[in-house]
file target.cif (mmCIF, C-alpha atoms)
data_model
#
loop_
_atom_site.label_atom_id
_atom_site.label_comp_id
_atom_site.auth_asym_id
_atom_site.auth_seq_id
_atom_site.Cartn_x
_atom_site.Cartn_y
_atom_site.Cartn_z
CA MET A 1 -37.39 -159.84 -197.81
CA LEU A 2 -40.34 -157.78 -196.60
CA ALA A 3 -41.07 -160.23 -193.79
CA THR A 4 -37.45 -160.02 -192.67
CA ALA A 5 -37.52 -156.22 -192.81
CA ILE A 6 -40.68 -156.07 -190.70
CA ILE A 7 -39.36 -158.35 -187.97
CA VAL A 8 -36.00 -156.62 -187.81
CA PHE A 9 -37.75 -153.25 -187.71
CA ARG A 10 -39.92 -154.32 -184.77
CA GLU A 11 -37.02 -155.55 -182.68
CA VAL A 12 -34.78 -152.60 -183.54
CA LEU A 13 -37.54 -150.07 -182.93
CA GLU A 14 -37.91 -150.83 -179.23
CA ALA A 15 -34.20 -150.68 -178.55
CA ALA A 16 -33.78 -147.55 -180.71
CA LEU A 17 -36.48 -145.67 -178.81
CA VAL A 18 -34.84 -146.53 -175.49
CA VAL A 19 -31.42 -145.45 -176.80
CA SER A 20 -32.73 -142.12 -178.09
CA ILE A 21 -34.49 -141.26 -174.82
CA VAL A 22 -31.38 -142.14 -172.85
CA LEU A 23 -29.14 -140.13 -175.18
CA ALA A 24 -31.35 -137.07 -174.73
CA ALA A 25 -31.56 -137.64 -170.97
CA THR A 26 -27.78 -137.68 -170.57
CA ARG A 27 -27.09 -134.64 -172.70
CA GLY A 28 -24.31 -132.54 -171.22
CA LEU A 29 -22.95 -135.30 -169.03
CA THR A 30 -19.27 -136.13 -169.41
CA ARG A 31 -18.72 -138.42 -172.41
CA SER A 32 -22.30 -139.62 -172.30
CA ALA A 33 -22.45 -140.45 -176.01
CA LEU A 34 -19.34 -142.60 -175.61
CA TRP A 35 -20.91 -144.47 -172.70
CA ILE A 36 -24.19 -144.98 -174.51
CA GLY A 37 -22.37 -146.15 -177.65
CA GLY A 38 -20.43 -148.57 -175.45
CA GLY A 39 -23.74 -149.76 -174.03
CA VAL A 40 -25.08 -150.50 -177.52
CA LEU A 41 -21.94 -152.45 -178.46
CA GLY A 42 -21.93 -154.34 -175.17
CA GLY A 43 -25.59 -155.16 -175.68
CA LEU A 44 -24.94 -156.51 -179.18
CA LEU A 45 -22.13 -158.70 -177.91
CA GLY A 46 -24.36 -159.91 -175.08
CA ALA A 47 -27.18 -160.58 -177.54
CA ALA A 48 -24.96 -162.89 -179.60
CA ILE A 49 -23.90 -164.76 -176.46
CA ILE A 50 -27.47 -165.07 -175.19
CA ALA A 51 -28.62 -166.33 -178.58
CA LEU A 52 -25.90 -168.97 -178.47
CA PHE A 53 -27.09 -170.20 -175.07
CA ALA A 54 -30.80 -169.74 -175.77
CA GLU A 55 -31.58 -173.42 -175.35
CA ALA A 56 -29.66 -173.73 -172.08
CA ILE A 57 -31.39 -170.63 -170.69
CA ALA A 58 -34.82 -171.92 -171.70
CA ALA A 59 -34.18 -175.28 -170.03
CA ALA A 60 -32.82 -173.71 -166.82
CA ALA A 61 -34.88 -173.52 -163.62
CA SER A 62 -37.13 -176.39 -164.74
CA GLY A 63 -38.17 -174.74 -167.96
CA ILE A 64 -38.82 -171.19 -166.82
CA GLY A 65 -35.26 -169.91 -167.23
CA GLN A 66 -36.19 -167.69 -170.16
CA GLU A 67 -38.98 -166.00 -168.22
CA LEU A 68 -36.75 -165.46 -165.17
CA PHE A 69 -33.94 -164.11 -167.33
CA ASN A 70 -36.21 -161.62 -169.08
CA ALA A 71 -37.82 -160.52 -165.82
CA ALA A 72 -34.43 -160.09 -164.12
CA ILE A 73 -33.14 -157.92 -166.97
CA LEU A 74 -36.29 -155.81 -166.99
CA PHE A 75 -36.33 -155.27 -163.22
CA ALA A 76 -32.63 -154.40 -163.21
CA ALA A 77 -33.34 -151.78 -165.89
CA VAL A 78 -36.27 -150.45 -163.86
CA ILE A 79 -34.04 -149.93 -160.81
CA MET A 80 -31.35 -148.20 -162.86
CA LEU A 81 -33.82 -145.91 -164.60
CA GLY A 82 -35.33 -145.06 -161.23
CA TRP A 83 -31.88 -144.34 -159.81
CA HIS A 84 -31.18 -142.02 -162.72
CA ASN A 85 -34.35 -140.06 -162.09
CA VAL A 86 -33.56 -139.72 -158.40
CA TRP A 87 -30.04 -138.50 -159.26
CA MET A 88 -31.44 -136.02 -161.78
CA SER A 89 -33.95 -134.71 -159.26
CA ARG A 90 -30.90 -133.44 -157.34
CA HIS A 91 -28.62 -132.36 -160.16
CA GLY A 92 -30.89 -131.73 -163.11
CA ARG A 93 -31.33 -128.04 -162.47
CA GLU A 94 -27.59 -127.52 -162.38
CA LEU A 95 -27.22 -129.43 -165.64
CA ALA A 96 -29.92 -127.44 -167.33
CA GLY A 97 -28.30 -124.19 -166.26
CA ASP A 98 -24.98 -122.73 -167.29
CA LEU A 99 -22.52 -125.50 -168.04
CA LYS A 100 -19.57 -123.40 -166.81
CA SER A 101 -20.94 -122.87 -163.32
CA MET A 102 -21.83 -126.50 -163.00
CA GLY A 103 -20.80 -128.16 -159.73
CA ALA A 104 -18.00 -130.72 -159.66
CA ALA A 105 -20.49 -133.43 -158.75
CA VAL A 106 -22.26 -132.89 -162.02
CA ARG A 107 -19.19 -132.53 -164.19
CA GLY A 108 -18.07 -135.84 -162.79
CA GLY A 109 -21.50 -136.96 -163.97
CA ALA A 110 -20.16 -140.02 -165.72
CA ARG A 111 -22.06 -141.91 -163.01
CA PRO A 112 -25.58 -141.56 -164.39
CA ALA A 113 -24.08 -142.10 -167.82
CA HIS A 114 -22.79 -145.55 -166.86
CA VAL A 115 -26.06 -146.44 -165.25
CA LEU A 116 -27.99 -145.51 -168.36
CA ALA A 117 -25.37 -147.12 -170.61
CA THR A 118 -26.13 -150.35 -168.75
CA VAL A 119 -29.84 -149.85 -169.35
CA VAL A 120 -29.14 -149.38 -173.06
CA ALA A 121 -26.97 -152.50 -173.09
CA MET A 122 -29.78 -154.50 -171.52
CA ALA A 123 -32.41 -153.21 -173.94
CA VAL A 124 -30.19 -154.03 -176.91
CA LEU A 125 -29.37 -157.42 -175.41
CA ARG A 126 -33.01 -158.40 -174.91
CA GLU A 127 -34.25 -157.35 -178.31
CA GLY A 128 -30.99 -158.22 -180.04
CA SER A 129 -30.85 -161.82 -178.90
CA GLU A 130 -34.24 -162.50 -180.49
CA LEU A 131 -33.04 -160.79 -183.61
CA VAL A 132 -29.85 -162.84 -183.78
CA LEU A 133 -31.86 -166.06 -183.45
CA PHE A 134 -34.29 -164.97 -186.12
CA LEU A 135 -31.57 -163.97 -188.58
CA TYR A 136 -29.69 -167.17 -187.89
CA GLY A 137 -32.86 -169.08 -188.71
CA VAL A 138 -33.43 -167.24 -191.96
CA ALA A 139 -29.82 -167.62 -193.00
CA ALA A 140 -29.83 -171.33 -192.18
CA SER A 141 -33.11 -172.19 -193.90
CA ALA A 142 -33.10 -170.07 -197.02
CA SER A 143 -29.55 -170.28 -198.29
CA GLY A 144 -30.52 -169.18 -201.79
CA GLU A 145 -32.22 -166.02 -200.59
CA SER A 146 -29.51 -164.71 -198.33
CA GLY A 147 -29.19 -161.59 -200.51
CA GLY A 148 -32.87 -160.76 -200.00
CA MET A 149 -32.55 -161.48 -196.33
CA LEU A 150 -29.56 -159.20 -195.96
CA SER A 151 -31.25 -156.31 -197.74
CA GLY A 152 -34.42 -156.91 -195.71
CA ALA A 153 -32.49 -156.92 -192.47
CA LEU A 154 -30.63 -153.76 -193.43
CA ALA A 155 -33.86 -152.02 -194.45
CA GLY A 156 -35.46 -152.98 -191.14
CA LEU A 157 -32.41 -151.83 -189.22
CA ALA A 158 -32.32 -148.51 -191.07
CA LEU A 159 -36.04 -147.89 -190.48
CA GLY A 160 -35.79 -148.71 -186.79
CA ALA A 161 -32.74 -146.52 -186.36
CA ALA A 162 -34.47 -143.70 -188.27
CA ALA A 163 -37.43 -143.85 -185.86
CA GLY A 164 -35.01 -143.60 -182.95
CA ALA A 165 -33.16 -140.71 -184.58
CA ALA A 166 -36.45 -138.90 -185.23
CA LEU A 167 -37.39 -139.16 -181.56
CA TYR A 168 -33.92 -137.98 -180.50
CA LEU A 169 -33.97 -134.98 -182.85
CA GLY A 170 -37.48 -134.15 -181.68
CA LEU A 171 -36.32 -134.20 -178.06
CA LEU A 172 -33.37 -131.92 -178.88
CA ARG A 173 -35.79 -129.25 -180.08
CA ILE A 174 -36.99 -128.90 -176.51
CA PRO A 175 -35.25 -125.93 -174.83
CA SER A 176 -32.54 -127.23 -172.50
CA ALA A 177 -34.25 -125.77 -169.44
CA ARG A 178 -37.22 -128.07 -170.07
CA LEU A 179 -35.40 -131.02 -171.68
CA PHE A 180 -34.60 -132.86 -168.46
CA ALA A 181 -38.12 -132.44 -167.14
CA VAL A 182 -39.41 -134.09 -170.33
CA THR A 183 -36.82 -136.87 -170.43
CA GLY A 184 -37.40 -137.44 -166.71
CA TRP A 185 -41.06 -138.15 -167.36
CA MET A 186 -40.23 -140.34 -170.34
CA ILE A 187 -37.78 -142.38 -168.29
CA LEU A 188 -40.32 -142.71 -165.50
CA LEU A 189 -42.91 -144.12 -167.92
CA LEU A 190 -40.28 -146.31 -169.61
CA ALA A 191 -39.40 -147.78 -166.21
CA ALA A 192 -43.04 -148.33 -165.22
CA GLY A 193 -43.71 -150.07 -168.55
CA MET A 194 -40.69 -152.34 -168.11
CA ALA A 195 -41.85 -153.23 -164.59
CA ALA A 196 -45.27 -154.21 -165.98
CA GLN A 197 -43.61 -156.32 -168.68
CA GLY A 198 -41.36 -157.97 -166.09
CA ALA A 199 -44.44 -158.81 -164.04
CA ALA A 200 -46.01 -160.43 -167.12
CA PHE A 201 -42.98 -162.72 -167.49
CA LEU A 202 -43.31 -163.76 -163.84
CA VAL A 203 -47.00 -164.52 -164.39
CA GLN A 204 -45.99 -166.61 -167.40
CA ALA A 205 -43.50 -168.44 -165.14
CA ASP A 206 -46.34 -168.97 -162.65
CA ILE A 207 -44.40 -167.14 -159.93
CA LEU A 208 -46.79 -164.24 -159.60
CA PRO A 209 -50.58 -164.41 -159.70
CA ALA A 210 -52.24 -162.53 -162.57
CA LEU A 211 -54.61 -160.76 -160.14
CA GLY A 212 -57.30 -160.54 -162.73
CA GLU A 213 -56.91 -161.09 -166.46
CA ARG A 214 -57.79 -158.51 -169.08
CA VAL A 215 -58.41 -155.68 -166.64
CA TRP A 216 -59.34 -153.77 -169.75
CA ASP A 217 -59.41 -154.67 -173.45
CA THR A 218 -58.38 -152.08 -176.01
CA GLN A 219 -57.16 -154.65 -178.54
CA GLY A 220 -59.81 -153.44 -180.99
CA LEU A 221 -58.69 -149.83 -180.61
CA ILE A 222 -54.89 -150.06 -180.55
CA PRO A 223 -53.81 -153.68 -181.13
CA ASP A 224 -50.65 -154.85 -179.33
CA GLU A 225 -49.09 -156.09 -182.55
CA GLY A 226 -49.59 -152.91 -184.60
CA VAL A 227 -46.87 -150.29 -184.97
CA ALA A 228 -48.74 -147.80 -182.75
CA GLY A 229 -49.23 -150.49 -180.12
CA ARG A 230 -45.56 -151.38 -180.20
CA VAL A 231 -44.35 -147.79 -180.00
CA LEU A 232 -46.70 -147.04 -177.12
CA HIS A 233 -45.68 -150.30 -175.48
CA THR A 234 -42.06 -149.17 -175.41
CA LEU A 235 -42.67 -145.53 -174.54
CA ILE A 236 -45.39 -145.80 -171.89
CA GLY A 237 -45.79 -149.55 -171.35
CA TYR A 238 -49.05 -149.84 -173.27
CA THR A 239 -50.69 -153.27 -173.19
CA ALA A 240 -54.08 -153.84 -174.80
CA ARG A 241 -55.18 -156.52 -172.30
CA PRO A 242 -53.19 -156.19 -169.08
CA ASP A 243 -53.27 -158.44 -166.06
CA GLY A 244 -54.10 -156.81 -162.72
CA ILE A 245 -50.58 -157.39 -161.48
CA GLN A 246 -49.13 -155.50 -164.45
CA VAL A 247 -51.21 -152.46 -163.56
CA LEU A 248 -50.10 -152.84 -159.94
CA PHE A 249 -46.39 -153.02 -160.86
CA TYR A 250 -46.79 -150.07 -163.20
CA LEU A 251 -48.37 -147.84 -160.58
CA ALA A 252 -46.02 -149.02 -157.81
CA THR A 253 -42.98 -148.15 -159.94
CA LEU A 254 -44.36 -144.71 -160.75
CA GLY A 255 -45.25 -144.06 -157.13
CA ALA A 256 -42.02 -145.33 -155.58
CA THR A 257 -39.78 -143.45 -158.02
CA MET A 258 -41.68 -140.19 -157.64
CA ALA A 259 -41.63 -140.49 -153.84
CA LEU A 260 -37.86 -141.10 -153.84
CA MET A 261 -37.32 -138.15 -156.19
CA LYS A 262 -39.26 -135.91 -153.83
CA ILE A 263 -37.43 -137.11 -150.74
CA VAL A 264 -33.95 -136.85 -152.26
CA ASN A 265 -34.66 -133.47 -153.81
CA GLY A 266 -35.49 -132.17 -150.34
CA TRP A 267 -32.08 -133.05 -148.90
CA PRO A 268 -29.70 -130.12 -148.37
CA ARG A 269 -26.82 -130.11 -150.82
CA ALA A 270 -23.22 -129.86 -149.65
CA GLY A 271 -21.16 -127.20 -151.41
CA VAL A 272 -23.84 -126.15 -153.86
CA ALA A 273 -25.85 -123.02 -153.28
CA LEU A 274 -29.56 -123.75 -153.39
CA ALA A 275 -31.00 -122.21 -156.48
CA PRO A 276 -34.53 -120.85 -156.15
CA ARG A 277 -36.88 -123.56 -157.26
CA ALA A 278 -38.66 -122.97 -160.49
CA ALA A 279 -42.39 -123.36 -160.21
CA PRO A 280 -43.46 -126.64 -161.86
CA MET B 1 -26.01 -144.45 -152.28
CA LYS B 2 -24.41 -144.94 -155.65
CA ARG B 3 -24.09 -148.74 -155.40
CA ALA B 4 -27.36 -149.32 -153.64
CA PRO B 5 -29.39 -150.32 -156.69
CA ASN B 6 -27.11 -153.28 -157.47
CA TYR B 7 -27.29 -154.62 -153.94
CA LEU B 8 -31.02 -154.15 -153.87
CA LEU B 9 -31.26 -156.36 -156.90
CA LEU B 10 -29.50 -159.36 -155.38
CA PRO B 11 -32.20 -160.53 -152.96
CA PHE B 12 -34.67 -159.82 -155.73
CA CYS B 13 -32.95 -162.23 -158.13
CA ALA B 14 -32.26 -164.74 -155.38
CA ALA B 15 -35.94 -164.76 -154.48
CA PHE B 16 -36.87 -165.61 -158.07
CA PHE B 17 -34.55 -168.59 -158.19
CA VAL B 18 -35.48 -169.93 -154.76
CA HIS B 19 -39.11 -169.61 -155.63
CA ALA B 20 -38.46 -171.25 -158.99
CA GLY B 21 -36.89 -174.25 -157.24
CA GLY B 22 -40.00 -174.69 -155.11
CA LEU B 23 -42.12 -174.70 -158.22
CA ALA B 24 -40.17 -177.51 -159.86
CA ILE B 25 -42.54 -180.20 -158.61
CA THR B 26 -45.70 -178.53 -159.80
CA HIS B 27 -44.07 -177.90 -163.17
CA ALA B 28 -43.03 -181.53 -163.45
CA GLU B 29 -46.57 -182.62 -162.57
CA ALA B 30 -48.03 -180.28 -165.11
CA ALA B 31 -45.58 -181.52 -167.75
CA GLU B 32 -46.86 -185.08 -167.35
CA ASN B 33 -50.30 -184.13 -168.63
CA ALA B 34 -48.83 -181.75 -171.16
CA ILE B 35 -50.63 -181.04 -174.36
CA HIS B 36 -48.27 -181.54 -177.26
CA LEU B 37 -47.71 -179.20 -180.14
CA SER B 38 -44.97 -179.44 -182.71
CA ILE B 39 -43.44 -177.15 -185.26
CA LYS B 40 -42.43 -178.63 -188.59
CA ASP B 41 -41.56 -176.80 -191.79
CA HIS B 42 -42.51 -173.57 -189.96
CA ARG B 43 -46.06 -174.77 -189.34
CA PHE B 44 -47.78 -175.84 -186.17
CA GLU B 45 -49.03 -179.41 -185.90
CA PRO B 46 -51.86 -179.52 -185.08
CA ALA B 47 -52.80 -176.00 -186.06
CA LEU B 48 -56.07 -176.32 -184.19
CA LEU B 49 -55.79 -177.63 -180.67
CA GLU B 50 -58.63 -178.29 -178.27
CA VAL B 51 -57.74 -177.55 -174.63
CA PRO B 52 -59.66 -177.67 -171.37
CA ALA B 53 -61.19 -174.40 -170.15
CA GLY B 54 -61.06 -173.42 -166.50
CA ARG B 55 -57.84 -175.11 -165.46
CA LYS B 56 -54.12 -174.72 -165.87
CA PHE B 57 -52.31 -176.92 -168.34
CA THR B 58 -48.90 -177.16 -169.93
CA LEU B 59 -48.21 -176.87 -173.58
CA LEU B 60 -45.13 -178.82 -174.64
CA VAL B 61 -43.91 -177.30 -177.88
CA LYS B 62 -41.42 -179.36 -179.86
CA ASN B 63 -39.54 -177.63 -182.60
CA LEU B 64 -38.70 -180.23 -185.24
CA ASP B 65 -37.13 -177.64 -187.51
CA ALA B 66 -33.44 -176.93 -187.33
CA THR B 67 -34.09 -173.19 -186.96
CA PRO B 68 -35.33 -171.38 -183.85
CA GLU B 69 -38.90 -170.17 -183.52
CA GLU B 70 -40.65 -167.81 -181.13
CA PHE B 71 -44.05 -168.95 -179.90
CA GLU B 72 -46.02 -165.77 -179.46
CA SER B 73 -49.62 -165.15 -178.50
CA HIS B 74 -51.07 -161.80 -177.54
CA ASP B 75 -54.35 -163.57 -176.79
CA LEU B 76 -52.65 -165.81 -174.24
CA LYS B 77 -50.00 -163.25 -173.20
CA ARG B 78 -47.22 -165.72 -173.81
CA GLU B 79 -43.92 -165.45 -175.69
CA LYS B 80 -41.16 -167.99 -175.68
CA VAL B 81 -38.20 -168.70 -177.90
CA ILE B 82 -37.77 -172.37 -178.83
CA ALA B 83 -34.38 -173.42 -180.12
CA GLY B 84 -33.99 -175.37 -183.35
CA ASN B 85 -34.59 -179.10 -182.65
CA GLY B 86 -35.46 -178.08 -179.12
CA GLN B 87 -38.55 -177.98 -176.97
CA ALA B 88 -40.13 -175.72 -174.38
CA THR B 89 -42.95 -175.93 -171.89
CA ILE B 90 -45.43 -173.09 -171.63
CA LEU B 91 -47.84 -172.91 -168.73
CA ILE B 92 -51.27 -171.67 -169.77
CA GLY B 93 -54.61 -170.98 -168.16
CA PRO B 94 -57.02 -171.22 -166.57
CA LEU B 95 -58.68 -170.05 -169.78
CA LYS B 96 -62.21 -168.90 -170.33
CA PRO B 97 -63.93 -170.80 -173.16
CA GLY B 98 -62.99 -169.26 -176.47
CA ILE B 99 -60.46 -169.12 -179.27
CA TYR B 100 -56.87 -168.07 -178.61
CA LYS B 101 -54.60 -167.45 -181.56
CA PHE B 102 -50.85 -167.97 -181.59
CA VAL B 103 -48.10 -167.58 -184.15
CA GLY B 104 -44.47 -168.46 -184.68
CA GLU B 105 -43.10 -164.94 -184.79
CA TYR B 106 -40.16 -165.80 -187.01
CA HIS B 107 -42.37 -167.33 -189.70
CA GLU B 108 -45.66 -165.61 -189.18
CA SER B 109 -46.95 -166.22 -192.70
CA THR B 110 -47.04 -170.01 -192.21
CA ALA B 111 -46.74 -170.64 -188.47
CA GLN B 112 -50.26 -169.92 -187.26
CA GLY B 113 -52.47 -171.82 -184.89
CA GLN B 114 -55.31 -171.58 -182.42
CA LEU B 115 -56.23 -173.05 -179.09
CA VAL B 116 -59.91 -173.72 -178.61
CA ALA B 117 -60.71 -173.75 -174.90
CA LYS B 118 -63.85 -175.76 -174.09
#

call {"tool": "encode", "arguments": {"input": "target.cif", "output": "structure tokens"}}
result
Amino acid sequence: MLATAIIVFREVLEAALVVSIVLAATRGLTRSALWIGGGVLGGLLGAAIIALFAEAIAAAASGIGQELFNAAILFAAVIMLGWHNVWMSRHGRELAGDLKSMGAAVRGGARPAHVLATVVAMAVLREGSELVLFLYGVAASASGESGGMLSGALAGLALGAAAGAALYLGLLRIPSARLFAVTGWMILLLAAGMAAQGAAFLVQADILPALGERVWDTQGLIPDEGVAGRVLHTLIGYTARPDGIQVLFYLATLGATMALMKIVNGWPRAGVALAPRAAP
Amino acid sequence: MKRAPNYLLLPFCAAFFVHAGGLAITHAEAAENAIHLSIKDHRFEPALLEVPAGRKFTLLVKNLDATPEEFESHDLKREKVIAGNGQATILIGPLKPGIYKFVGEYHESTAQGQLVAK
């Protein structure tokens, strides 16, 4: 039961942290909670389907289908998270200000909510499909212990969800004027970490060169498989022994997104009076 | 602007698959000299596997159990789900001489093994 709880907790934790950051980042947007909830449900449905076709996916593309699939999902999420940050660099100040005087563009802000709902769906799908396979395996092999398995799975789920809720509640304590600046940074780091992870899958598929293995080694300090390592992995893309290409993808994602945010933020806005910029 | 990200993604994905097609031959070649590993009763057989250091090789993992397993190794930076009664190839290396641990993530208490690169 404990083993089941631990594995379920691990898989749920990553998705829960992503969901809580996204929920905080879309605060105040039209029906954002509904969109994000839809994303979670869609992701769960997708996870079950992916689990069902796991063997076919693994065998696809001469045996590297699984790697390509994971990389594609991660890079799609990176682009969507980046898009969100660019959008927020234009509209974030309006959102943080008085909701009543908010421009129509922002009130119609379902757009970033769908984008992030998709990101949530993909995070749930990736972690969830592994979870579905695992639970299927436990259920199939240990028929006599299915009660223990169920309680273990529920305990793991509850713990993972609690960690997500704790992060969300913590983020809500940030004054709304600063909230989007904080969530913007968190999303930026989330995206960079996903890009690095996507690069690792392409190295595994032998599509990208590693460009140097174990650029640094902090496995002794914060091991990848510990809880701290896993939380940091999700939040900032921590890897104890990264390949050179992972570092490259990480920095490129940070740089490209920040450059786009700067450029777009500089564009004149139609129909919205330019508010004086707050000093950073 | 709003749809741009989706379009941007298409050539990205296409490039992966085209590239993957080109790699088919090298993968097939590598699979011929594959080093075999099987999973039975949630244990690896053999649990200790000697592999060549300094060159790439393919690990062919056969899952003889009816339940799925995830081959995971932080030492090797590899993770791959293997369906019940299924198999998967994992490309590894070139490795420096040393010991590389791996586990079956779904049954970590029993499914443990090591590669010894020499």

call {"tool": "resolve_selection", "arguments": {"input": "target.cif", "expression": "the PyMOL selection byres ((chain B and resi 105-113) around 8)", "output": "list in words"}}
result
Ile7 and Phe134 of chain A; Ile39, His42, Arg43, Phe44, Pro46, Ala47, Leu48, Leu49, Glu69, Glu70, Phe71, Glu72, Lys101, Phe102, Val103, Gly104, Gln114 and Leu115 of chain B

call {"tool": "atom_distance", "arguments": {"input": "target.cif", "atom1": "CA of Gly148 in chain A", "atom2": "CA of Leu2 in chain A"}}
result
8.7 Å

call {"tool": "residues_around", "arguments": {"input": "target.cif", "residues": "Ile245 in chain A", "least_positions_apart": "5", "cutoff": "12 Å", "atoms": "only C-alpha atoms", "output": "PDB file with C-alpha atoms, keeping the file's coordinate frame"}}
result
ATOM      1  CA  ALA A 195     -41.850-153.230-164.590  1.00  0.00           C
ATOM      2  CA  ALA A 196     -45.270-154.210-165.980  1.00  0.00           C
ATOM      3  CA  GLN A 197     -43.610-156.320-168.680  1.00  0.00           C
ATOM      4  CA  GLY A 198     -41.360-157.970-166.090  1.00  0.00           C
ATOM      5  CA  ALA A 199     -44.440-158.810-164.040  1.00  0.00           C
ATOM      6  CA  ALA A 200     -46.010-160.430-167.120  1.00  0.00           C
ATOM      7  CA  PHE A 201     -42.980-162.720-167.490  1.00  0.00           C
ATOM      8  CA  LEU A 202     -43.310-163.760-163.840  1.00  0.00           C
ATOM      9  CA  VAL A 203     -47.000-164.520-164.390  1.00  0.00           C
ATOM     10  CA  GLN A 204     -45.990-166.610-167.400  1.00  0.00           C
ATOM     11  CA  ILE A 207     -44.400-167.140-159.930  1.00  0.00           C
ATOM     12  CA  LEU A 208     -46.790-164.240-159.600  1.00  0.00           C
ATOM     13  CA  PRO A 209     -50.580-164.410-159.700  1.00  0.00           C
ATOM     14  CA  ALA A 210     -52.240-162.530-162.570  1.00  0.00           C
ATOM     15  CA  LEU A 211     -54.610-160.760-160.140  1.00  0.00           C
ATOM     16  CA  GLY A 212     -57.300-160.540-162.730  1.00  0.00           C
ATOM     17  CA  GLU A 213     -56.910-161.090-166.460  1.00  0.00           C
ATOM     18  CA  ARG A 214     -57.790-158.510-169.080  1.00  0.00           C
ATOM     19  CA  VAL A 215     -58.410-155.680-166.640  1.00  0.00           C
ATOM     20  CA  TYR A 250     -46.790-150.070-163.200  1.00  0.00           C
ATOM     21  CA  LEU A 251     -48.370-147.840-160.580  1.00  0.00           C
ATOM     22  CA  ALA A 252     -46.020-149.020-157.810  1.00  0.00           C
TER      23      ALA A 252
END

call {"tool": "atom_distance", "arguments": {"input": "target.cif", "atom1": "CA of Ser20 in chain A", "atom2": "CA of Ala177 in chain A"}}
result
18.6 Å

call {"tool": "closest_residue", "arguments": {"input": "target.cif", "among": "A:Leu74, A:Leu221, A:Leu34, A:Val227", "to": "chain B", "atoms": "only C-alpha atoms"}}
result
A:Leu74

call {"tool": "build_atoms", "arguments": {"input": "target.cif", "residues": "range 80-91 of chain A", "atoms": "N, CA and C atoms", "output": "short mmCIF file (atom, residue, chain, number, x, y, z; two decimals), keeping the file's coordinate frame"}}
result
data_model
loop_
_atom_site.label_atom_id
_atom_site.label_comp_id
_atom_site.auth_asym_id
_atom_site.auth_seq_id
_atom_site.Cartn_x
_atom_site.Cartn_y
_atom_site.Cartn_z
N MET A 80 -32.34 -149.16 -162.36
CA MET A 80 -31.35 -148.20 -162.86
C MET A 80 -32.00 -146.94 -163.39
N LEU A 81 -33.12 -147.10 -164.09
CA LEU A 81 -33.82 -145.91 -164.60
C LEU A 81 -34.33 -145.07 -163.43
N GLY A 82 -34.83 -145.76 -162.41
CA GLY A 82 -35.33 -145.06 -161.23
C GLY A 82 -34.19 -144.30 -160.55
N TRP A 83 -33.05 -144.97 -160.43
CA TRP A 83 -31.88 -144.34 -159.81
C TRP A 83 -31.50 -143.08 -160.58
N HIS A 84 -31.52 -143.18 -161.89
CA HIS A 84 -31.18 -142.02 -162.72
C HIS A 84 -32.11 -140.85 -162.41
N ASN A 85 -33.39 -141.15 -162.33
CA ASN A 85 -34.35 -140.06 -162.09
C ASN A 85 -34.14 -139.42 -160.72
N VAL A 86 -33.81 -140.25 -159.74
CA VAL A 86 -33.56 -139.72 -158.40
C VAL A 86 -32.31 -138.82 -158.44
N TRP A 87 -31.29 -139.29 -159.12
CA TRP A 87 -30.04 -138.50 -159.26
C TRP A 87 -30.35 -137.17 -159.95
N MET A 88 -31.12 -137.24 -161.02
CA MET A 88 -31.44 -136.02 -161.78
C MET A 88 -32.30 -135.06 -160.96
N SER A 89 -33.11 -135.61 -160.04
CA SER A 89 -33.95 -134.71 -159.26
C SER A 89 -33.07 -133.83 -158.38
N ARG A 90 -31.83 -134.25 -158.12
CA ARG A 90 -30.90 -133.44 -157.34
C ARG A 90 -30.04 -132.55 -158.22
N HIS A 91 -29.63 -133.08 -159.37
CA HIS A 91 -28.62 -132.36 -160.16
C HIS A 91 -29.14 -131.80 -161.47
#
